[in-house]
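Visitor: Starting off with a structure, shown below.
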Amino acid sequence: MKNKIIIINIFTIAYCINANAQSTIENVLSEISKNNKTILANTQYWEAQKLQYKTGLTPYNPAVNYDYLIGSPNTAGNQTDFTVTQSFDFPTAYIKKKQLSEQQIAQAEFQFTAKRQDVLLEAKIICMELVYRNKLQSQLSQRKQNTEKLLSDFQIKLNKGEGTILDVNKARLQLIEINNEFQQNLSSINQLNQKLTGLNGGNAIIFTDTIYPLIPNIPAFEQLESEIETTDPIRKYLEQEKLVTQKQVELSKAMSLPKLETGYHYQGILGQTFQGIHAGITIPLWENKNTVKTQQANLLFADLNLQDHRNEYYYGIKQLYEKYQNLKITFAEYQTVFASLNNTTLLNKALASGQISTIEYFMEMSYYNNAFNNYLQTEKEFYEVVTELYKYKL
């Protein structure tokens with residue numbers, strides 16, 4: 001019973017640590033979504049576009065004309081003409097313009113969402129890379145300390161006449177290699193944090209987590225692909241583009257109908273006045289020639305573009321899912337092996353007892369370290385591919 005309580009406590013602590021790591025990444029993404037210059041610029045741009053899409057829905061400006069004509073000879077008298085006119089498109093055009101505006105505004109939302117997801121995906125991938133680099137840095141620090149102790153021990157033995165300069169040199173070379181890897185990894189950490197700071201609009205972010213976020217239960221490919229496609233903003237944008245083009249075809253047809261003009265006309269001449277209603281109509285012969293055909297061609301293009309995206313997106317997700325499955329198997333195998341493996345302690349004991357030589361020790365240690373590095377790399381790639389699969393939730 002006691003053992004069960006201990007196990008439960010261990011899992012509870014592990015869950016809390018993972019939850020904190022997830023919260024930290026979520027906080028980073030929350031900050032970037034508020035401060036990122038690309039997101040802010042896109043927000044302003046699409047707000048301006050929405051206002052633009054609402055422009056032109058009303059009738060044309062009214063026109064006022066005034067003419068004062070001096071007659072010749074004087075007996076002809078002077079003539080005054082005053083006209084107020086208002087031009088209109090055919091009534092159905094205003095309905096089509098409003099419908100087109102609504103579709104364009106809806107399309108703007110999908111475009112903004114897609115851009116925002118791109119930025120947040122980039123930020124989250126950087127966080128995954130930083131978790132990997134931070135974990136690796138911790139390992140390199142331990143290796144550095146272990147090798148420094150070995151070098152110190154070999155130096156003491158050499159000074160006592162019990163060791164050889166060859167052992168000292170081997171340890172020095174090993175320490176140089178570890179120090180080089182340590183510094184390169186530290187440089188990569190600094191560069192990645194600078195990238196996060198850049199994505200955060202220049203506001204500094206130092207991401208120090210060494211634990212990846214919790215992974216949701218990933219369903220079968222068909223279910224996941226359906227969820228992703230349903231919420232894909234690019235697909236929705238292209239579907240909306242098709243609807244926009246359909247409305248543009250309808251508007252083009254409406255704009256090809258006669259335009260109307262009405263108003264008030266006043267005329268005064270030789271002491272007589274005439275006033276009444278002004279009416280006019282434009283005959284659509286040449287102005288909108290081929291406009292409808294152009295929009296119909298654009299509609300065909302939009303439909304083909306949508307089909308192309310669906311096809312490309314489907315196989316892109318399928319490739320990511322297959323990569324996830326393969327990495328899951330390899331990652332699980334690494335976890336099983338390294339869960340019960342502690343080569344550093346065993347090799348140190350074997351070297352101290354004289355069971356292995358110095359060169360054998362460093363060869364075995366190098367093999368173990370390379371394998372552990374590959375384990376960390378596989379772990380990182382596994383979490384990155386899961387992050388890409390769940391981009392649609394960002």
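Ordering of the structure tokens sets the chain letters (A, B, ...), residue numbers begin anew at 1 in every chain, and ligands are numbered from 1 in the order given.
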Extract, using only C-alpha atoms, all DNA, RNA and protein residues at most 12 Å from Leu270 in chain A, discarding same-chain residues fewer than 5 positions from it, and format them as a PDB file with N, CA and C atoms, in the first residue's frame.
Guide:
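Contents of the output file selection_21.pdb:
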ATOM      1  N   LEU A  69     -27.213  81.838 -68.960  1.00  0.00           N
ATOM      2  CA  LEU A  69     -26.863  82.109 -70.363  1.00  0.00           C
ATOM      3  C   LEU A  69     -27.399  83.476 -70.774  1.00  0.00           C
ATOM      4  N   ILE A  70     -26.463  84.345 -71.233  1.00  0.00           N
ATOM      5  CA  ILE A  70     -26.837  85.695 -71.674  1.00  0.00           C
ATOM      6  C   ILE A  70     -27.227  85.630 -73.154  1.00  0.00           C
ATOM      7  N   GLY A  71     -28.410  86.122 -73.422  1.00  0.00           N
ATOM      8  CA  GLY A  71     -28.901  86.050 -74.791  1.00  0.00           C
ATOM      9  C   GLY A  71     -28.351  87.155 -75.679  1.00  0.00           C
ATOM     10  N   ASN A  74     -30.126  91.554 -77.358  1.00  0.00           N
ATOM     11  CA  ASN A  74     -30.693  91.757 -76.029  1.00  0.00           C
ATOM     12  C   ASN A  74     -32.152  91.329 -75.938  1.00  0.00           C
ATOM     13  N   THR A  75     -32.806  91.411 -77.085  1.00  0.00           N
ATOM     14  CA  THR A  75     -34.234  91.048 -77.076  1.00  0.00           C
ATOM     15  C   THR A  75     -34.442  89.560 -76.833  1.00  0.00           C
ATOM     16  N   ALA A  76     -33.363  88.767 -76.979  1.00  0.00           N
ATOM     17  CA  ALA A  76     -33.496  87.320 -76.788  1.00  0.00           C
ATOM     18  C   ALA A  76     -33.688  86.967 -75.317  1.00  0.00           C
ATOM     19  N   GLY A  77     -33.208  87.884 -74.433  1.00  0.00           N
ATOM     20  CA  GLY A  77     -33.343  87.609 -73.003  1.00  0.00           C
ATOM     21  C   GLY A  77     -32.279  86.655 -72.497  1.00  0.00           C
ATOM     22  N   ASN A  78     -32.169  86.561 -71.194  1.00  0.00           N
ATOM     23  CA  ASN A  78     -31.222  85.648 -70.551  1.00  0.00           C
ATOM     24  C   ASN A  78     -31.930  84.374 -70.109  1.00  0.00           C
ATOM     25  N   GLN A  79     -31.137  83.290 -70.051  1.00  0.00           N
ATOM     26  CA  GLN A  79     -31.720  81.995 -69.694  1.00  0.00           C
ATOM     27  C   GLN A  79     -31.025  81.438 -68.450  1.00  0.00           C
ATOM     28  N   THR A  80     -31.798  80.913 -67.531  1.00  0.00           N
ATOM     29  CA  THR A  80     -31.267  80.286 -66.306  1.00  0.00           C
ATOM     30  C   THR A  80     -31.674  78.825 -66.276  1.00  0.00           C
TER      31      THR A  80
END
Visitor: Pick out each residue of range 106-324 of chain A that DSSP on the backbone tags as helix (DSSP H, G or I); I need them as a ChimeraX atom specification.
Guide: /A:106-160,165-199,221-231,233-255,291-324
Visitor: Would you tabulate, counting only C-alpha atoms, all residues of range 206-255 of chain A that have an atom at most 8 Å from an atom of range 104-120 of chain A, showing the closest pair of atoms and their distance in Å to one decimal, sorted by chain then ascending number, as a Markdown table?
Guide:
| residue | atom | partner | partner_atom | distance |
| --- | --- | --- | --- | --- |
| A:Pro233 | CA | A:Phe110 | CA | 5.1 |
| A:Ile234 | CA | A:Ala114 | CA | 6.2 |
| A:Lys236 | CA | A:Phe110 | CA | 6.5 |
| A:Tyr237 | CA | A:Phe110 | CA | 5.3 |
| A:Gln240 | CA | A:Gln107 | CA | 5.5 |
| A:Glu241 | CA | A:Gln107 | CA | 6.9 |
| A:Val244 | CA | A:Gln104 | CA | 6.3 |
Visitor: Please save N, CA and C atoms of the selected residues as a PDB file, in the first residue's frame.
Guide:
ATOM      1  N   PRO A 233      -7.782  27.530 -41.505  1.00  0.00           N
ATOM      2  CA  PRO A 233      -8.145  28.879 -41.959  1.00  0.00           C
ATOM      3  C   PRO A 233      -7.807  29.129 -43.429  1.00  0.00           C
ATOM      4  N   ILE A 234      -6.766  28.462 -43.942  1.00  0.00           N
ATOM      5  CA  ILE A 234      -6.420  28.639 -45.357  1.00  0.00           C
ATOM      6  C   ILE A 234      -7.513  28.045 -46.242  1.00  0.00           C
ATOM      7  N   LYS A 236     -10.613  27.653 -45.357  1.00  0.00           N
ATOM      8  CA  LYS A 236     -11.775  28.532 -45.217  1.00  0.00           C
ATOM      9  C   LYS A 236     -11.586  29.819 -46.025  1.00  0.00           C
ATOM     10  N   TYR A 237     -10.360  30.318 -46.041  1.00  0.00           N
ATOM     11  CA  TYR A 237     -10.071  31.520 -46.822  1.00  0.00           C
ATOM     12  C   TYR A 237     -10.319  31.263 -48.314  1.00  0.00           C
ATOM     13  N   GLN A 240     -13.913  30.901 -49.009  1.00  0.00           N
ATOM     14  CA  GLN A 240     -14.498  32.243 -48.994  1.00  0.00           C
ATOM     15  C   GLN A 240     -14.133  33.003 -50.261  1.00  0.00           C
ATOM     16  N   GLU A 241     -12.917  32.765 -50.758  1.00  0.00           N
ATOM     17  CA  GLU A 241     -12.495  33.389 -52.022  1.00  0.00           C
ATOM     18  C   GLU A 241     -13.416  32.962 -53.164  1.00  0.00           C
ATOM     19  N   VAL A 244     -16.612  34.830 -52.685  1.00  0.00           N
ATOM     20  CA  VAL A 244     -16.397  36.228 -53.074  1.00  0.00           C
ATOM     21  C   VAL A 244     -16.442  36.362 -54.586  1.00  0.00           C
TER      22      VAL A 244
END
Visitor: Identify, on the basis of only C-alpha atoms, every residue whose closest approach to range 349-356 of chain A does not exceed 12 Å; exclude the query and any residue fewer than 4 positions from it along the same chain; express the result as a count of residues only.
Guide: 14
Visitor: Quote the spacing between CA of Arg133 in chain A and CA of Ile176 in chain A in Å to one decimal place.
Guide: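 Answer for the CA of Arg133 in chain A to CA of Ile176 in chain A separation: 19.5 Å.
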Visitor: As number ranges by chain, please: the residues near Gln183 in chain A (cut-off 10 Å, only C-alpha atoms, same-chain neighbours under 5 positions excluded).
Guide: A: 137, 140, 178, 188-189
Visitor: Write out the residues from the selection above, keeping C-alpha atoms, as a JSON list (two decimals), in the first residue's frame.
Guide:
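Wrote selection-v1.json, looks like this:
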[["chain", "number", "residue", "atom", "x", "y", "z"],
["A", 137, "GLN", "CA", 22.98, 21.88, -21.60],
["A", 140, "LEU", "CA", 26.77, 18.71, -20.95],
["A", 178, "ILE", "CA", 32.90, 18.78, -24.10],
["A", 188, "SER", "CA", 22.32, 28.24, -29.68],
["A", 189, "ILE", "CA", 20.24, 28.83, -26.52]]
Visitor: Can you check which residues of range 43-264 of chain A DSSP gives as strand (DSSP E) on the backbone and send them as a PyMOL selection string?
Guide: chain A and resi 63-69+79-88+260-264
Visitor: Taking C-alpha atoms for each residue, export the selection above as a PDB file, in the first residue's frame.
Guide:
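Result went into selection21.pdb, see below:
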ATOM      1  CA  ALA A  63     -24.838  66.470 -58.858  1.00  0.00           C
ATOM      2  CA  VAL A  64     -25.935  70.119 -58.943  1.00  0.00           C
ATOM      3  CA  ASN A  65     -25.679  72.103 -62.204  1.00  0.00           C
ATOM      4  CA  TYR A  66     -26.366  75.813 -62.686  1.00  0.00           C
ATOM      5  CA  ASP A  67     -26.241  77.615 -66.028  1.00  0.00           C
ATOM      6  CA  TYR A  68     -26.780  81.347 -66.634  1.00  0.00           C
ATOM      7  CA  LEU A  69     -26.863  82.109 -70.363  1.00  0.00           C
ATOM      8  CA  GLN A  79     -31.720  81.995 -69.694  1.00  0.00           C
ATOM      9  CA  THR A  80     -31.267  80.286 -66.306  1.00  0.00           C
ATOM     10  CA  ASP A  81     -30.966  76.529 -65.924  1.00  0.00           C
ATOM     11  CA  PHE A  82     -30.725  74.747 -62.565  1.00  0.00           C
ATOM     12  CA  THR A  83     -30.570  70.965 -62.241  1.00  0.00           C
ATOM     13  CA  VAL A  84     -30.181  68.600 -59.254  1.00  0.00           C
ATOM     14  CA  THR A  85     -29.627  64.976 -60.259  1.00  0.00           C
ATOM     15  CA  GLN A  86     -28.999  61.691 -58.507  1.00  0.00           C
ATOM     16  CA  SER A  87     -27.584  58.665 -60.342  1.00  0.00           C
ATOM     17  CA  PHE A  88     -28.248  55.068 -59.290  1.00  0.00           C
ATOM     18  CA  LEU A 260     -30.810  55.287 -63.652  1.00  0.00           C
ATOM     19  CA  GLU A 261     -30.815  59.028 -63.082  1.00  0.00           C
ATOM     20  CA  THR A 262     -33.482  61.213 -61.548  1.00  0.00           C
ATOM     21  CA  GLY A 263     -33.723  64.745 -60.220  1.00  0.00           C
ATOM     22  CA  TYR A 264     -35.164  68.254 -60.430  1.00  0.00           C
TER      23      TYR A 264
END
Visitor: Which residue is closest to Lys247 in chain A? Choose from A:Thr164, A:Thr282, A:Asn311, A:Gln103 and count only C-alpha atoms.
Guide: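 Checking each candidate against Lys247 in chain A, we get A:Gln103 as the closest.
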Visitor: Rank A:Ile228, A:Val385, A:Ile277, A:Cys127 by their smallest atom-to-atom distance to Leu327 in chain A, using only C-alpha atoms, and report the top residue only.
Guide: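 Among A:Ile228, A:Val385, A:Ile277, A:Cys127, it is A:Val385 that comes nearest to Leu327 in chain A.
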Visitor: Show me, as number ranges by chain, the residues that have an atom within 12 Å of Gly201 in chain A when counting only C-alpha atoms, minus same-chain residues fewer than 2 positions from it.
Guide: A: 31-41, 119, 194-199, 203-205
Visitor: Would you save the residues from that selection as a short mmCIF file (atom, residue, chain, number, x, y, z; two decimals), in the first residue's frame, using N, CA and C atoms?
Guide:
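Everything below was put into out-v2.cif:
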data_model
loop_
_atom_site.label_atom_id
_atom_site.label_comp_id
_atom_site.auth_asym_id
_atom_site.auth_seq_id
_atom_site.Cartn_x
_atom_site.Cartn_y
_atom_site.Cartn_z
N GLU A 31 1.98 36.16 -24.71
CA GLU A 31 2.71 37.42 -24.81
C GLU A 31 3.01 37.76 -26.27
N ILE A 32 3.44 36.76 -27.03
CA ILE A 32 3.78 36.99 -28.44
C ILE A 32 2.54 37.38 -29.24
N SER A 33 1.42 36.76 -28.93
CA SER A 33 0.19 37.12 -29.67
C SER A 33 -0.22 38.56 -29.41
N LYS A 34 0.20 39.12 -28.25
CA LYS A 34 -0.13 40.52 -27.93
C LYS A 34 0.92 41.51 -28.45
N ASN A 35 2.19 41.04 -28.55
CA ASN A 35 3.28 41.98 -28.84
C ASN A 35 3.92 41.81 -30.22
N ASN A 36 3.63 40.72 -30.89
CA ASN A 36 4.29 40.48 -32.18
C ASN A 36 3.91 41.55 -33.21
N LYS A 37 4.92 42.12 -33.84
CA LYS A 37 4.68 43.22 -34.79
C LYS A 37 3.92 42.75 -36.03
N THR A 38 4.20 41.53 -36.47
CA THR A 38 3.49 41.02 -37.65
C THR A 38 2.00 40.87 -37.36
N ILE A 39 1.69 40.31 -36.19
CA ILE A 39 0.28 40.15 -35.81
C ILE A 39 -0.39 41.51 -35.65
N LEU A 40 0.30 42.44 -35.00
CA LEU A 40 -0.27 43.78 -34.81
C LEU A 40 -0.49 44.49 -36.14
N ALA A 41 0.50 44.35 -37.05
CA ALA A 41 0.38 44.98 -38.37
C ALA A 41 -0.77 44.37 -39.15
N VAL A 119 2.74 32.58 -37.02
CA VAL A 119 3.65 33.23 -36.06
C VAL A 119 3.74 32.41 -34.78
N GLN A 194 16.85 35.01 -28.38
CA GLN A 194 16.79 36.26 -29.14
C GLN A 194 15.68 36.20 -30.20
N LYS A 195 15.51 35.02 -30.80
CA LYS A 195 14.42 34.86 -31.78
C LYS A 195 13.07 35.05 -31.11
N LEU A 196 12.92 34.46 -29.91
CA LEU A 196 11.67 34.63 -29.17
C LEU A 196 11.45 36.10 -28.83
N THR A 197 12.52 36.78 -28.44
CA THR A 197 12.42 38.21 -28.13
C THR A 197 11.99 39.00 -29.37
N GLY A 198 12.55 38.63 -30.52
CA GLY A 198 12.16 39.28 -31.77
C GLY A 198 10.69 39.06 -32.08
N LEU A 199 10.22 37.83 -31.89
CA LEU A 199 8.81 37.52 -32.13
C LEU A 199 7.91 38.23 -31.13
N ASN A 203 10.44 42.67 -26.77
CA ASN A 203 10.36 42.49 -25.31
C ASN A 203 11.06 41.18 -24.94
N ALA A 204 12.04 41.26 -24.06
CA ALA A 204 12.91 40.13 -23.76
C ALA A 204 12.13 38.93 -23.19
N ILE A 205 12.48 37.74 -23.70
CA ILE A 205 11.97 36.48 -23.18
C ILE A 205 13.16 35.55 -22.97
#
Visitor: Using only C-alpha atoms, which residue out of A:Glu388, A:Glu381, A:Glu250, A:Asp308 lies closest to Gln99 in chain A?
Guide: A:Glu250
Visitor: Between CA of Leu257 in chain A and CA of Gly276 in chain A, what is the spacing in Å?
Guide: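 It comes out at 26.3 Å.
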Visitor: Report as a PDB file with N, CA and C atoms, in the first residue's frame all protein, DNA and RNA residues lying within 9 Å of range 143-147 of chain A, evaluated on only C-alpha atoms, omitting residues in the same chain fewer than 2 positions from it.
Guide:
ATOM      1  N   SER A 138      22.097  20.826 -19.607  1.00  0.00           N
ATOM      2  CA  SER A 138      22.205  20.196 -18.293  1.00  0.00           C
ATOM      3  C   SER A 138      23.075  18.940 -18.358  1.00  0.00           C
ATOM      4  N   GLN A 139      22.876  18.151 -19.425  1.00  0.00           N
ATOM      5  CA  GLN A 139      23.698  16.944 -19.604  1.00  0.00           C
ATOM      6  C   GLN A 139      25.161  17.297 -19.839  1.00  0.00           C
ATOM      7  N   LEU A 140      25.390  18.294 -20.663  1.00  0.00           N
ATOM      8  CA  LEU A 140      26.769  18.709 -20.952  1.00  0.00           C
ATOM      9  C   LEU A 140      27.459  19.244 -19.710  1.00  0.00           C
ATOM     10  N   SER A 141      26.707  19.915 -18.857  1.00  0.00           N
ATOM     11  CA  SER A 141      27.273  20.420 -17.616  1.00  0.00           C
ATOM     12  C   SER A 141      27.711  19.266 -16.716  1.00  0.00           C
ATOM     13  N   LYS A 149      36.651  16.226 -13.020  1.00  0.00           N
ATOM     14  CA  LYS A 149      37.061  15.426 -11.854  1.00  0.00           C
ATOM     15  C   LYS A 149      38.056  14.348 -12.275  1.00  0.00           C
ATOM     16  N   LEU A 150      37.767  13.697 -13.447  1.00  0.00           N
ATOM     17  CA  LEU A 150      38.695  12.675 -13.935  1.00  0.00           C
ATOM     18  C   LEU A 150      40.074  13.269 -14.214  1.00  0.00           C
ATOM     19  N   LEU A 151      40.090  14.432 -14.855  1.00  0.00           N
ATOM     20  CA  LEU A 151      41.357  15.087 -15.164  1.00  0.00           C
ATOM     21  C   LEU A 151      42.112  15.418 -13.884  1.00  0.00           C
ATOM     22  N   SER A 152      41.384  15.902 -12.878  1.00  0.00           N
ATOM     23  CA  SER A 152      42.020  16.219 -11.595  1.00  0.00           C
ATOM     24  C   SER A 152      42.603  14.962 -10.943  1.00  0.00           C
ATOM     25  N   ALA A 171      42.161  12.856 -21.003  1.00  0.00           N
ATOM     26  CA  ALA A 171      41.131  13.583 -20.263  1.00  0.00           C
ATOM     27  C   ALA A 171      41.055  15.042 -20.714  1.00  0.00           C
ATOM     28  N   ARG A 172      42.227  15.647 -20.962  1.00  0.00           N
ATOM     29  CA  ARG A 172      42.250  17.039 -21.442  1.00  0.00           C
ATOM     30  C   ARG A 172      41.547  17.176 -22.790  1.00  0.00           C
ATOM     31  N   GLN A 174      39.317  15.173 -24.057  1.00  0.00           N
ATOM     32  CA  GLN A 174      37.884  14.937 -23.860  1.00  0.00           C
ATOM     33  C   GLN A 174      37.201  16.185 -23.296  1.00  0.00           C
ATOM     34  N   LEU A 175      37.870  16.848 -22.366  1.00  0.00           N
ATOM     35  CA  LEU A 175      37.307  18.051 -21.761  1.00  0.00           C
ATOM     36  C   LEU A 175      37.199  19.187 -22.771  1.00  0.00           C
ATOM     37  N   ILE A 178      34.130  18.503 -24.855  1.00  0.00           N
ATOM     38  CA  ILE A 178      32.896  18.778 -24.100  1.00  0.00           C
ATOM     39  C   ILE A 178      32.691  20.284 -23.935  1.00  0.00           C
ATOM     40  N   ASN A 179      33.789  21.002 -23.627  1.00  0.00           N
ATOM     41  CA  ASN A 179      33.690  22.457 -23.488  1.00  0.00           C
ATOM     42  C   ASN A 179      33.246  23.115 -24.787  1.00  0.00           C
ATOM     43  N   PHE A 182      29.625  22.410 -25.185  1.00  0.00           N
ATOM     44  CA  PHE A 182      28.931  23.189 -24.153  1.00  0.00           C
ATOM     45  C   PHE A 182      28.734  24.638 -24.619  1.00  0.00           C
ATOM     46  N   THR A 344      27.383   6.242 -16.796  1.00  0.00           N
ATOM     47  CA  THR A 344      28.434   7.081 -16.218  1.00  0.00           C
ATOM     48  C   THR A 344      28.922   6.519 -14.885  1.00  0.00           C
ATOM     49  N   ASN A 369      27.229   8.829 -24.656  1.00  0.00           N
ATOM     50  CA  ASN A 369      26.832  10.237 -24.821  1.00  0.00           C
ATOM     51  C   ASN A 369      26.191  10.494 -26.183  1.00  0.00           C
TER      52      ASN A 369
END
Visitor: Write out as an mmCIF file with N, CA and C atoms, in the first residue's frame which residues come within 12 Å of Leu304 in chain A when counting only C-alpha atoms, dropping same-chain ones fewer than 4 positions away.
Guide:
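Output file around38.cif follows:
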data_model
loop_
_atom_site.group_PDB
_atom_site.id
_atom_site.type_symbol
_atom_site.label_atom_id
_atom_site.label_comp_id
_atom_site.auth_asym_id
_atom_site.auth_seq_id
_atom_site.Cartn_x
_atom_site.Cartn_y
_atom_site.Cartn_z
ATOM 1 N N LEU A 238 -9.855 30.109 -48.802
ATOM 2 C CA LEU A 238 -10.019 29.788 -50.225
ATOM 3 C C LEU A 238 -11.483 29.502 -50.564
ATOM 4 N N GLU A 239 -12.194 28.861 -49.636
ATOM 5 C CA GLU A 239 -13.635 28.667 -49.848
ATOM 6 C C GLU A 239 -14.345 30.015 -49.893
ATOM 7 N N GLU A 241 -12.917 32.765 -50.758
ATOM 8 C CA GLU A 241 -12.495 33.389 -52.022
ATOM 9 C C GLU A 241 -13.416 32.962 -53.164
ATOM 10 N N LYS A 242 -13.804 31.710 -53.132
ATOM 11 C CA LYS A 242 -14.728 31.203 -54.163
ATOM 12 C C LYS A 242 -16.091 31.892 -54.042
ATOM 13 N N ALA A 297 -14.023 33.468 -65.221
ATOM 14 C CA ALA A 297 -12.706 32.828 -65.303
ATOM 15 C C ALA A 297 -12.026 32.837 -63.931
ATOM 16 N N ASN A 298 -12.181 33.937 -63.206
ATOM 17 C CA ASN A 298 -11.630 34.005 -61.850
ATOM 18 C C ASN A 298 -12.289 32.988 -60.925
ATOM 19 N N LEU A 299 -13.582 32.747 -61.130
ATOM 20 C CA LEU A 299 -14.302 31.757 -60.326
ATOM 21 C C LEU A 299 -13.757 30.353 -60.567
ATOM 22 N N LEU A 300 -13.470 30.028 -61.818
ATOM 23 C CA LEU A 300 -12.887 28.728 -62.144
ATOM 24 C C LEU A 300 -11.515 28.577 -61.496
ATOM 25 N N ASP A 308 -6.692 22.251 -55.224
ATOM 26 C CA ASP A 308 -5.252 22.023 -55.108
ATOM 27 C C ASP A 308 -4.805 22.094 -53.643
ATOM 28 N N HIS A 309 -5.333 23.069 -52.911
ATOM 29 C CA HIS A 309 -4.962 23.200 -51.492
ATOM 30 C C HIS A 309 -5.434 21.998 -50.695
ATOM 31 N N ARG A 310 -6.662 21.558 -50.930
ATOM 32 C CA ARG A 310 -7.186 20.400 -50.199
ATOM 33 C C ARG A 310 -6.308 19.165 -50.427
ATOM 34 N N ASN A 311 -5.929 18.953 -51.681
ATOM 35 C CA ASN A 311 -5.099 17.802 -52.007
ATOM 36 C C ASN A 311 -3.725 17.906 -51.349
#
Visitor: Nearest residue to Glu129 in chain A out of A:Leu158, A:Val386, A:Leu192, A:Met255, using only C-alpha atoms?
Guide: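 Of A:Leu158, A:Val386, A:Leu192, A:Met255, the one nearest Glu129 in chain A is A:Leu192, counting only C-alpha atoms.
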Visitor: Record the distance separating CA of Thr330 in chain A and CA of Val131 in chain A, expressed in Å with one decimal.
Guide: 19.1 Å
